[in-house]
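J.: Questions regarding the structure given below will be posed in turn.
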Amino acid sequence: MRRLRLVDTQPPGHVPAVIGTGTTMKVAFATQDLKTVDAHFAGARHFAVYDVTPEGHRLVEAIGFDATSGEDGVHADANDDRITPRVDALDGCALLFVLAIGGPAAARVVAHKIHPVKLPRPESIPDVLDRVQTMLKGSPPPWLRKAIGQHGGDRPAFNPDFE
């Protein structure tokens, strides 16, 4: 696994203008090209991680993986755990957008308090970010309120679709 984190060189307490002062949450995207949500959880070559508020978003980290699933239905060798490093890499994220995720992987993601969201087809990351921001500006749906912790309680279970 390789990580590229963007370092904020501003003084402590500085809030980037693109983010604003609203609720900030980390959102991850399973991607092959860092531009599109176009990958299965275990088959993604990258996760792109953004800080998102109602006012804006910014890329804060790109995580790359050498070991990926062939997405051919053939499971990895029992000694080849591709799931744990991926779940651990998403620490601190509230949402994870994917094209697909298997049941056991989804359960592990949810157990780490990350809400997986399956998209029905590939979509550009900026388009998904715009929709998340729009929901944050208005009255977020219950699953999103729970994911960002506005009303406390447990994280929601797997949300099959995001439209």
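Chain identifiers are assigned as A, B, and so on, following the order in which chains appear in the structure tokens; residues are numbered from 1 within each chain, and ligands are numbered from 1 in order of appearance.
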Return as a tab-separated table the residues of segment 18-69 of chain A lying at most 7 Å from segment 82-94 of chain A, together with the closest atom-to-atom pair for each and the distance in Å to one decimal, counting only C-alpha atoms, with rows in chain order and ascending residue number.
T.:
residue	atom	partner	partner_atom	distance
A:Met25	CA	A:Ala94	CA	6.3
A:Lys26	CA	A:Cys93	CA	4.5
A:Val27	CA	A:Cys93	CA	5.5
A:Ala28	CA	A:Cys93	CA	6.6
A:Ala42	CA	A:Ile83	CA	6.6
A:Ala67	CA	A:Arg82	CA	6.8
J.: Extract the full set of alpha helix (DSSP H) residues from segment 29-146 of chain A according to DSSP on the backbone, and format it as a PyMOL selection string.
T.: chain A and resi 83-89+103-111+125-137+142-146
J.: Which polymer residues have any atom within 12 Å of an atom of Gln133 of chain A, counting only C-alpha atoms, with same-chain residues fewer than 4 positions away left out, as a PyMOL selection string?
T.: chain A and resi 19+22-25+27+50-58+126-129+137-140+144
J.: Output N, CA, C and O atoms for every residue in that selection, as an mmCIF file, in the first residue's frame.
T.:
data_model
loop_
_atom_site.group_PDB
_atom_site.id
_atom_site.type_symbol
_atom_site.label_atom_id
_atom_site.label_comp_id
_atom_site.auth_asym_id
_atom_site.auth_seq_id
_atom_site.Cartn_x
_atom_site.Cartn_y
_atom_site.Cartn_z
ATOM 1 N N ILE A 19 -13.149 24.562 2.246
ATOM 2 C CA ILE A 19 -13.881 23.688 3.149
ATOM 3 C C ILE A 19 -14.921 24.459 3.948
ATOM 4 O O ILE A 19 -15.998 23.975 4.208
ATOM 5 N N GLY A 22 -18.459 24.438 8.163
ATOM 6 C CA GLY A 22 -19.530 23.493 8.468
ATOM 7 C C GLY A 22 -18.991 22.142 8.895
ATOM 8 O O GLY A 22 -17.801 21.956 9.124
ATOM 9 N N THR A 23 -19.881 21.189 9.024
ATOM 10 C CA THR A 23 -19.519 19.825 9.375
ATOM 11 C C THR A 23 -18.576 19.264 8.316
ATOM 12 O O THR A 23 -18.874 19.298 7.140
ATOM 13 N N THR A 24 -17.425 18.774 8.766
ATOM 14 C CA THR A 24 -16.463 18.164 7.842
ATOM 15 C C THR A 24 -16.474 16.666 8.044
ATOM 16 O O THR A 24 -16.453 16.190 9.170
ATOM 17 N N MET A 25 -16.524 15.938 6.949
ATOM 18 C CA MET A 25 -16.410 14.485 7.037
ATOM 19 C C MET A 25 -15.499 13.995 5.933
ATOM 20 O O MET A 25 -15.354 14.643 4.904
ATOM 21 N N VAL A 27 -14.682 11.343 3.050
ATOM 22 C CA VAL A 27 -15.408 10.492 2.120
ATOM 23 C C VAL A 27 -14.382 9.838 1.204
ATOM 24 O O VAL A 27 -13.517 10.513 0.648
ATOM 25 N N TYR A 50 -11.463 12.450 0.400
ATOM 26 C CA TYR A 50 -11.748 13.882 0.395
ATOM 27 C C TYR A 50 -12.306 14.322 1.735
ATOM 28 O O TYR A 50 -13.029 13.568 2.384
ATOM 29 N N ASP A 51 -11.999 15.548 2.141
ATOM 30 C CA ASP A 51 -12.725 16.230 3.202
ATOM 31 C C ASP A 51 -13.892 16.926 2.516
ATOM 32 O O ASP A 51 -13.695 17.603 1.491
ATOM 33 N N VAL A 52 -15.094 16.770 3.070
ATOM 34 C CA VAL A 52 -16.295 17.326 2.451
ATOM 35 C C VAL A 52 -17.099 18.080 3.496
ATOM 36 O O VAL A 52 -17.284 17.601 4.618
ATOM 37 N N THR A 53 -17.569 19.268 3.125
ATOM 38 C CA THR A 53 -18.506 20.058 3.932
ATOM 39 C C THR A 53 -19.618 20.524 2.994
ATOM 40 O O THR A 53 -19.511 20.369 1.773
ATOM 41 N N PRO A 54 -20.656 21.157 3.541
ATOM 42 C CA PRO A 54 -21.682 21.713 2.648
ATOM 43 C C PRO A 54 -21.123 22.777 1.702
ATOM 44 O O PRO A 54 -21.647 22.989 0.618
ATOM 45 N N GLU A 55 -20.030 23.422 2.084
ATOM 46 C CA GLU A 55 -19.484 24.517 1.288
ATOM 47 C C GLU A 55 -18.440 24.096 0.267
ATOM 48 O O GLU A 55 -18.133 24.848 -0.649
ATOM 49 N N GLY A 56 -17.832 22.935 0.430
ATOM 50 C CA GLY A 56 -16.768 22.561 -0.494
ATOM 51 C C GLY A 56 -16.171 21.206 -0.188
ATOM 52 O O GLY A 56 -16.628 20.488 0.696
ATOM 53 N N HIS A 57 -15.135 20.879 -0.938
ATOM 54 C CA HIS A 57 -14.432 19.627 -0.741
ATOM 55 C C HIS A 57 -13.002 19.786 -1.230
ATOM 56 O O HIS A 57 -12.709 20.674 -2.020
ATOM 57 N N ARG A 58 -12.132 18.929 -0.704
ATOM 58 C CA ARG A 58 -10.751 18.922 -1.184
ATOM 59 C C ARG A 58 -10.158 17.538 -0.996
ATOM 60 O O ARG A 58 -10.450 16.836 -0.026
ATOM 61 N N PRO A 126 -16.189 14.101 -8.864
ATOM 62 C CA PRO A 126 -16.779 15.439 -8.615
ATOM 63 C C PRO A 126 -18.310 15.448 -8.630
ATOM 64 O O PRO A 126 -18.931 16.157 -7.835
ATOM 65 N N ASP A 127 -18.929 14.646 -9.491
ATOM 66 C CA ASP A 127 -20.398 14.586 -9.516
ATOM 67 C C ASP A 127 -20.951 14.011 -8.216
ATOM 68 O O ASP A 127 -21.940 14.505 -7.678
ATOM 69 N N VAL A 128 -20.322 12.970 -7.706
ATOM 70 C CA VAL A 128 -20.771 12.376 -6.447
ATOM 71 C C VAL A 128 -20.544 13.366 -5.302
ATOM 72 O O VAL A 128 -21.409 13.547 -4.440
ATOM 73 N N LEU A 129 -19.389 14.022 -5.296
ATOM 74 C CA LEU A 129 -19.110 15.021 -4.261
ATOM 75 C C LEU A 129 -20.157 16.139 -4.276
ATOM 76 O O LEU A 129 -20.615 16.576 -3.218
ATOM 77 N N LYS A 137 -26.166 20.414 2.576
ATOM 78 C CA LYS A 137 -26.697 21.781 2.641
ATOM 79 C C LYS A 137 -28.155 21.803 3.070
ATOM 80 O O LYS A 137 -28.598 22.724 3.722
ATOM 81 N N GLY A 138 -28.905 20.805 2.651
ATOM 82 C CA GLY A 138 -30.326 20.767 2.957
ATOM 83 C C GLY A 138 -30.581 19.937 4.194
ATOM 84 O O GLY A 138 -29.928 20.081 5.217
ATOM 85 N N SER A 139 -31.538 19.071 4.078
ATOM 86 C CA SER A 139 -31.876 18.151 5.148
ATOM 87 C C SER A 139 -31.374 16.772 4.734
ATOM 88 O O SER A 139 -32.025 16.084 3.945
ATOM 89 N N PRO A 140 -30.213 16.350 5.251
ATOM 90 C CA PRO A 140 -29.652 15.066 4.830
ATOM 91 C C PRO A 140 -30.604 13.915 5.143
ATOM 92 O O PRO A 140 -31.316 13.951 6.147
ATOM 93 N N LEU A 144 -27.487 9.425 5.993
ATOM 94 C CA LEU A 144 -26.356 10.343 5.970
ATOM 95 C C LEU A 144 -26.209 11.045 7.319
ATOM 96 O O LEU A 144 -25.094 11.244 7.804
#
J.: Identify which of the residues A:Leu136, A:Met1, A:Val49, A:Ala147 lies closest to Leu34 of chain A, counting only C-alpha atoms when measuring atom-to-atom distances.
T.: A:Val49
J.: Residues near His46 of chain A, anyone? I mean within 8 Å using only C-alpha atoms, not counting same-chain ones fewer than 6 positions away, as a VMD selection string.
T.: chain A and resid 30 to 34 62 to 65
